[in-house]
Structure formats: C-alpha cells, structure tokens
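Asks: Contents are PDB, C-alpha atoms; file name final.pdb:
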```
MODEL        1
ATOM      1  CA  MET A   1      -0.773 -29.005  30.508  1.00  0.00           C
ATOM      2  CA  ARG A   2      -2.626 -25.734  30.193  1.00  0.00           C
ATOM      3  CA  LEU A   3      -1.654 -23.046  27.680  1.00  0.00           C
ATOM      4  CA  VAL A   4      -3.423 -19.714  27.686  1.00  0.00           C
ATOM      5  CA  SER A   5      -2.682 -16.839  25.346  1.00  0.00           C
ATOM      6  CA  ASP A   6      -3.291 -13.496  27.045  1.00  0.00           C
ATOM      7  CA  PRO A   7      -4.503 -10.964  24.467  1.00  0.00           C
ATOM      8  CA  VAL A   8      -4.065  -8.045  26.893  1.00  0.00           C
ATOM      9  CA  TYR A   9      -0.397  -8.659  27.758  1.00  0.00           C
ATOM     10  CA  GLY A  10       0.499 -10.521  24.562  1.00  0.00           C
ATOM     11  CA  GLU A  11       2.080 -13.430  26.415  1.00  0.00           C
ATOM     12  CA  VAL A  12       1.394 -17.131  26.729  1.00  0.00           C
ATOM     13  CA  ASP A  13       0.996 -18.694  30.168  1.00  0.00           C
ATOM     14  CA  LEU A  14       2.107 -22.335  30.520  1.00  0.00           C
ATOM     15  CA  THR A  15       1.144 -24.521  33.466  1.00  0.00           C
ATOM     16  CA  ALA A  16       2.325 -28.133  33.347  1.00  0.00           C
ATOM     17  CA  THR A  17       3.201 -31.086  35.526  1.00  0.00           C
ATOM     18  CA  ALA A  18       6.876 -31.891  36.095  1.00  0.00           C
ATOM     19  CA  THR A  19       6.567 -34.781  33.622  1.00  0.00           C
ATOM     20  CA  GLU A  20       4.967 -32.610  30.923  1.00  0.00           C
ATOM     21  CA  LEU A  21       7.560 -29.877  31.415  1.00  0.00           C
ATOM     22  CA  ALA A  22      10.381 -32.451  31.217  1.00  0.00           C
ATOM     23  CA  CYS A  23       8.884 -33.754  27.946  1.00  0.00           C
ATOM     24  CA  LEU A  24       8.770 -30.213  26.595  1.00  0.00           C
ATOM     25  CA  ALA A  25      12.401 -29.584  27.613  1.00  0.00           C
ATOM     26  CA  ARG A  26      13.421 -32.798  25.838  1.00  0.00           C
ATOM     27  CA  ALA A  27      11.475 -31.866  22.675  1.00  0.00           C
ATOM     28  CA  VAL A  28      13.060 -28.401  22.669  1.00  0.00           C
ATOM     29  CA  ALA A  29      16.552 -29.920  23.036  1.00  0.00           C
ATOM     30  CA  GLU A  30      15.879 -32.400  20.210  1.00  0.00           C
ATOM     31  CA  GLY A  31      14.142 -29.847  17.987  1.00  0.00           C
ATOM     32  CA  ASP A  32      11.156 -32.022  17.278  1.00  0.00           C
ATOM     33  CA  GLY A  33       7.876 -32.857  18.950  1.00  0.00           C
ATOM     34  CA  PHE A  34       4.323 -31.977  19.788  1.00  0.00           C
ATOM     35  CA  ILE A  35       3.065 -31.690  23.348  1.00  0.00           C
ATOM     36  CA  SER A  36      -0.723 -31.659  23.567  1.00  0.00           C
ATOM     37  CA  SER A  37      -2.593 -29.457  25.973  1.00  0.00           C
ATOM     38  CA  ALA A  38      -4.934 -31.784  27.815  1.00  0.00           C
ATOM     39  CA  SER A  39      -7.458 -29.135  28.632  1.00  0.00           C
ATOM     40  CA  ALA A  40     -10.622 -30.401  30.281  1.00  0.00           C
ATOM     41  CA  SER A  41     -12.541 -27.495  28.803  1.00  0.00           C
ATOM     42  CA  PRO A  42     -13.155 -26.894  25.107  1.00  0.00           C
ATOM     43  CA  LEU A  43     -10.739 -24.574  23.338  1.00  0.00           C
ATOM     44  CA  ASP A  44     -11.733 -20.937  23.290  1.00  0.00           C
ATOM     45  CA  ASP A  45     -10.030 -17.941  21.705  1.00  0.00           C
ATOM     46  CA  ASN A  46      -7.332 -17.880  24.406  1.00  0.00           C
ATOM     47  CA  THR A  47      -6.717 -21.577  25.208  1.00  0.00           C
ATOM     48  CA  LEU A  48      -4.121 -23.267  23.019  1.00  0.00           C
ATOM     49  CA  ALA A  49      -4.152 -26.905  21.843  1.00  0.00           C
ATOM     50  CA  GLY A  50      -0.458 -27.598  22.397  1.00  0.00           C
ATOM     51  CA  ILE A  51       3.157 -26.809  21.609  1.00  0.00           C
ATOM     52  CA  GLU A  52       4.974 -27.783  18.434  1.00  0.00           C
ATOM     53  CA  VAL A  53       8.780 -27.796  18.430  1.00  0.00           C
ATOM     54  CA  ARG A  54      10.783 -27.560  15.208  1.00  0.00           C
ATOM     55  CA  LYS A  55      14.350 -27.213  14.061  1.00  0.00           C
ATOM     56  CA  ALA A  56      15.028 -23.998  12.164  1.00  0.00           C
ATOM     57  CA  PRO A  57      17.989 -22.468  10.335  1.00  0.00           C
ATOM     58  CA  GLY A  58      19.673 -19.304  11.545  1.00  0.00           C
ATOM     59  CA  SER A  59      20.569 -18.418  15.086  1.00  0.00           C
ATOM     60  CA  GLY A  60      18.245 -18.098  18.037  1.00  0.00           C
ATOM     61  CA  VAL A  61      14.867 -19.376  19.122  1.00  0.00           C
ATOM     62  CA  ARG A  62      11.558 -17.989  17.962  1.00  0.00           C
ATOM     63  CA  ILE A  63       8.418 -18.505  20.020  1.00  0.00           C
ATOM     64  CA  GLY A  64       5.358 -17.894  17.898  1.00  0.00           C
ATOM     65  CA  LEU A  65       1.684 -18.619  17.647  1.00  0.00           C
ATOM     66  CA  ASP A  66      -0.024 -20.543  14.882  1.00  0.00           C
ATOM     67  CA  ALA A  67      -3.428 -18.928  15.383  1.00  0.00           C
ATOM     68  CA  ARG A  68      -5.182 -21.102  12.810  1.00  0.00           C
ATOM     69  CA  ARG A  69      -4.240 -24.319  14.640  1.00  0.00           C
ATOM     70  CA  GLN A  70      -4.193 -22.658  18.087  1.00  0.00           C
ATOM     71  CA  ILE A  71      -0.719 -23.936  18.944  1.00  0.00           C
ATOM     72  CA  LEU A  72       2.456 -22.387  20.283  1.00  0.00           C
ATOM     73  CA  VAL A  73       5.430 -22.972  17.967  1.00  0.00           C
ATOM     74  CA  ILE A  74       8.995 -23.055  19.283  1.00  0.00           C
ATOM     75  CA  SER A  75      11.675 -23.195  16.597  1.00  0.00           C
ATOM     76  CA  GLY A  76      15.370 -22.525  16.404  1.00  0.00           C
ATOM     77  CA  ASP A  77      18.925 -23.675  16.044  1.00  0.00           C
ATOM     78  CA  PRO A  78      20.419 -26.412  18.266  1.00  0.00           C
ATOM     79  CA  ASP A  79      22.566 -24.164  20.483  1.00  0.00           C
ATOM     80  CA  ALA A  80      19.776 -21.705  21.273  1.00  0.00           C
ATOM     81  CA  ARG A  81      17.247 -24.500  21.810  1.00  0.00           C
ATOM     82  CA  ALA A  82      19.695 -26.138  24.239  1.00  0.00           C
ATOM     83  CA  VAL A  83      19.726 -23.003  26.412  1.00  0.00           C
ATOM     84  CA  LEU A  84      15.927 -22.815  26.443  1.00  0.00           C
ATOM     85  CA  ALA A  85      15.721 -26.544  27.209  1.00  0.00           C
ATOM     86  CA  GLU A  86      18.080 -26.067  30.180  1.00  0.00           C
ATOM     87  CA  ASN A  87      15.885 -23.236  31.487  1.00  0.00           C
ATOM     88  CA  LEU A  88      12.756 -25.381  31.171  1.00  0.00           C
ATOM     89  CA  HIS A  89      14.468 -28.328  32.836  1.00  0.00           C
ATOM     90  CA  ALA A  90      15.549 -26.041  35.703  1.00  0.00           C
ATOM     91  CA  MET A  91      11.866 -25.348  36.388  1.00  0.00           C
ATOM     92  CA  VAL A  92      11.280 -29.110  36.674  1.00  0.00           C
ATOM     93  CA  THR A  93      14.086 -29.633  39.173  1.00  0.00           C
ATOM     94  CA  ALA A  94      13.669 -26.450  41.237  1.00  0.00           C
ATOM     95  CA  GLU A  95      11.562 -27.534  44.178  1.00  0.00           C
ATOM     96  CA  ASP A  96      10.863 -24.063  45.551  1.00  0.00           C
ATOM     97  CA  GLY A  97       8.171 -22.992  43.086  1.00  0.00           C
ATOM     98  CA  GLY A  98       7.865 -19.759  41.175  1.00  0.00           C
ATOM     99  CA  HIS A  99       7.722 -19.021  37.476  1.00  0.00           C
ATOM    100  CA  LEU A 100      10.038 -18.235  34.583  1.00  0.00           C
ATOM    101  CA  HIS A 101       9.567 -15.280  32.239  1.00  0.00           C
ATOM    102  CA  ILE A 102      10.954 -15.883  28.767  1.00  0.00           C
ATOM    103  CA  ASP A 103      10.810 -12.460  27.102  1.00  0.00           C
ATOM    104  CA  TYR A 104      12.783 -11.051  24.190  1.00  0.00           C
ATOM    105  CA  PHE A 105      14.917  -7.946  24.717  1.00  0.00           C
ATOM    106  CA  PRO A 106      17.741  -6.554  22.558  1.00  0.00           C
ATOM    107  CA  GLU A 107      20.893  -8.669  22.943  1.00  0.00           C
ATOM    108  CA  HIS A 108      18.859 -11.587  24.368  1.00  0.00           C
ATOM    109  CA  PRO A 109      21.155 -14.622  24.611  1.00  0.00           C
ATOM    110  CA  TYR A 110      18.870 -16.969  22.655  1.00  0.00           C
ATOM    111  CA  LEU A 111      15.501 -15.412  21.678  1.00  0.00           C
ATOM    112  CA  VAL A 112      15.032 -13.588  18.392  1.00  0.00           C
ATOM    113  CA  ALA A 113      13.047 -10.399  17.870  1.00  0.00           C
ATOM    114  CA  GLY A 114       9.350 -11.033  17.391  1.00  0.00           C
ATOM    115  CA  SER A 115       9.190 -13.919  19.848  1.00  0.00           C
ATOM    116  CA  LEU A 116       6.097 -14.071  22.019  1.00  0.00           C
ATOM    117  CA  PRO A 117       6.666 -13.705  25.751  1.00  0.00           C
ATOM    118  CA  LEU A 118       6.173 -16.981  27.596  1.00  0.00           C
ATOM    119  CA  VAL A 119       5.544 -17.456  31.322  1.00  0.00           C
ATOM    120  CA  VAL A 120       6.337 -20.957  32.585  1.00  0.00           C
ATOM    121  CA  ASN A 121       4.791 -21.756  35.956  1.00  0.00           C
ATOM    122  CA  SER A 122       6.632 -24.131  38.250  1.00  0.00           C
ATOM    123  CA  PRO A 123       4.989 -27.520  38.661  1.00  0.00           C
ATOM    124  CA  HIS A 124       5.854 -27.084  42.363  1.00  0.00           C
ATOM    125  CA  GLY A 125       3.524 -24.142  42.866  1.00  0.00           C
ATOM    126  CA  GLY A 126       3.591 -20.451  43.750  1.00  0.00           C
ATOM    127  CA  MET A 127       6.470 -18.213  44.610  1.00  0.00           C
ATOM    128  CA  PRO A 128       9.813 -19.523  45.859  1.00  0.00           C
ATOM    129  CA  THR A 129       9.973 -20.277  49.566  1.00  0.00           C
ATOM    130  CA  ARG A 130      13.714 -19.706  49.928  1.00  0.00           C
TER
ENDMDL
END
```
What do you get writing this file as structure tokens?

Replies:
Amino acid sequence: MRLVSDPVYGEVDLTATATELACLARAVAEGDGFISSASASPLDDNTLAGIEVRKAPGSGVRIGLDARRQILVISGDPDARAVLAENLHAMVTAEDGGHLHIDYFPEHPYLVAGSLPLVVNSPHGGMPTR
C-alpha cells in the first residue's frame, strides 16, 4: 500500500492491492485495525506510514492525519463506517478500474466536517473501460 499526503491539494492518495483494500474495508467496518504502508522508500514529509481505524462516539466518519506518527486516522460510528467500508469494498470488486473521491461537503451522508479528502485508486488500474 502507498499513502501520499498532497500538501498542495490537501488530500491523501491511497494506492493498494485488492487484498490490502479488502483488509482496510474490513477494519473500517469493524472499527479497529492498523494497515501498514509497505513503502519501499523511506518516509518523507508526504509519505504516510499507514492507516489506523478506530471506533468513535457521535455520528459520521472523520478522516484525519496524525502528523506526528505520519498515519491516516479513520474514526467514526458503526453506521457511518459501514457505508465507507461498502464504498471501499466496491473498489475491490469493480474490475473496470478508476478511483474514488471521498470528500466532505455539507449534508454528506457519512463524513463529518473537517475530514481530509481521500482518493482511493482502484487496484485494477486507470480509468473505467466501460
């Protein structure tokens, strides 16, 4: 898995294998887990070490950055995490490629204000072919 925080656009770019993405979807659904970024290169200011998933009170999912530990943190209530987990799992099973933008906007169905934008790249490559 590769996680890169883009300081210009303020988003995090996630590239993972189907297996890694399925593990992340499962951790998000369960509300617990750490998925390490197996980067071949040493961490720099923009490369993140992994993703930590936590349960949290309230409603909605928050995607944040723990800058000190260089990890992405996904936390939230079970219902909102379930929706995000379904979206992540859909990227695993969609065989036509592409990417998923997870960005907060007012009235977002599961993200809370202040969440970092996340771009999830399909493990099946580029743009959809259909």

Asks: Using the chain letters and numbering of this document, enumerate as a PyMOL selection string the residues selected by the PyMOL selection byres ((chain A and resi 96-107) around 8).

Replies: chain A and resi 91+94-95+108-109+111-130

Asks: Can you list what the PyMOL selection byres ((chain A and resi 37) around 9) grabs from this structure, as number ranges by chain?

Replies: A: 1-3, 16, 35-36, 38-39, 47-51

Asks: Just the selected residues (C-alpha atoms), exported as a compact mmCIF listing (two decimals), in the coordinates of the input, please.

Replies:
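Saved file part_18.txt follows:
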```txt
# COMPACT_ATOMS: atom_id res chain seq x y z
CA MET A 1 -0.77 -29.00 30.51
CA ARG A 2 -2.63 -25.73 30.19
CA LEU A 3 -1.65 -23.05 27.68
CA ALA A 16 2.33 -28.13 33.35
CA ILE A 35 3.06 -31.69 23.35
CA SER A 36 -0.72 -31.66 23.57
CA ALA A 38 -4.93 -31.78 27.82
CA SER A 39 -7.46 -29.14 28.63
CA THR A 47 -6.72 -21.58 25.21
CA LEU A 48 -4.12 -23.27 23.02
CA ALA A 49 -4.15 -26.90 21.84
CA GLY A 50 -0.46 -27.60 22.40
CA ILE A 51 3.16 -26.81 21.61
```

Asks: Which is closest to Thr15 (chain A) among A:Thr93, A:Gly58, A:Tyr110, A:Leu88, if we use only C-alpha atoms?

Replies: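 Of A:Thr93, A:Gly58, A:Tyr110, A:Leu88, the one nearest Thr15 (chain A), counting only C-alpha atoms, is A:Leu88.
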
Asks: Separation of CA of Arg69 (chain A) and CA of Ala90 (chain A), in Å?

Replies: 29.0 Å

Asks: Excluding Arg81 (chain A) and any residue of its chain fewer than 2 positions from it, enumerate the residues within 8 Å of it, using all atoms listed in the file, and give them as a PyMOL selection string.

Replies: chain A and resi 28-29+31+60-61+75-79+83-85+110

Asks: Let me have the centre and edge lengths of the axis-aligned box enclosing all listed atoms of region 50-61 of chain A with 3 Å padding on every side, in Å to one decimal, as AutoDock Vina command-line options.

Replies:
```
--center_x 10.1 --center_y -22.9 --center_z 16.4 --size_x 27.0 --size_y 15.7 --size_z 18.1
```
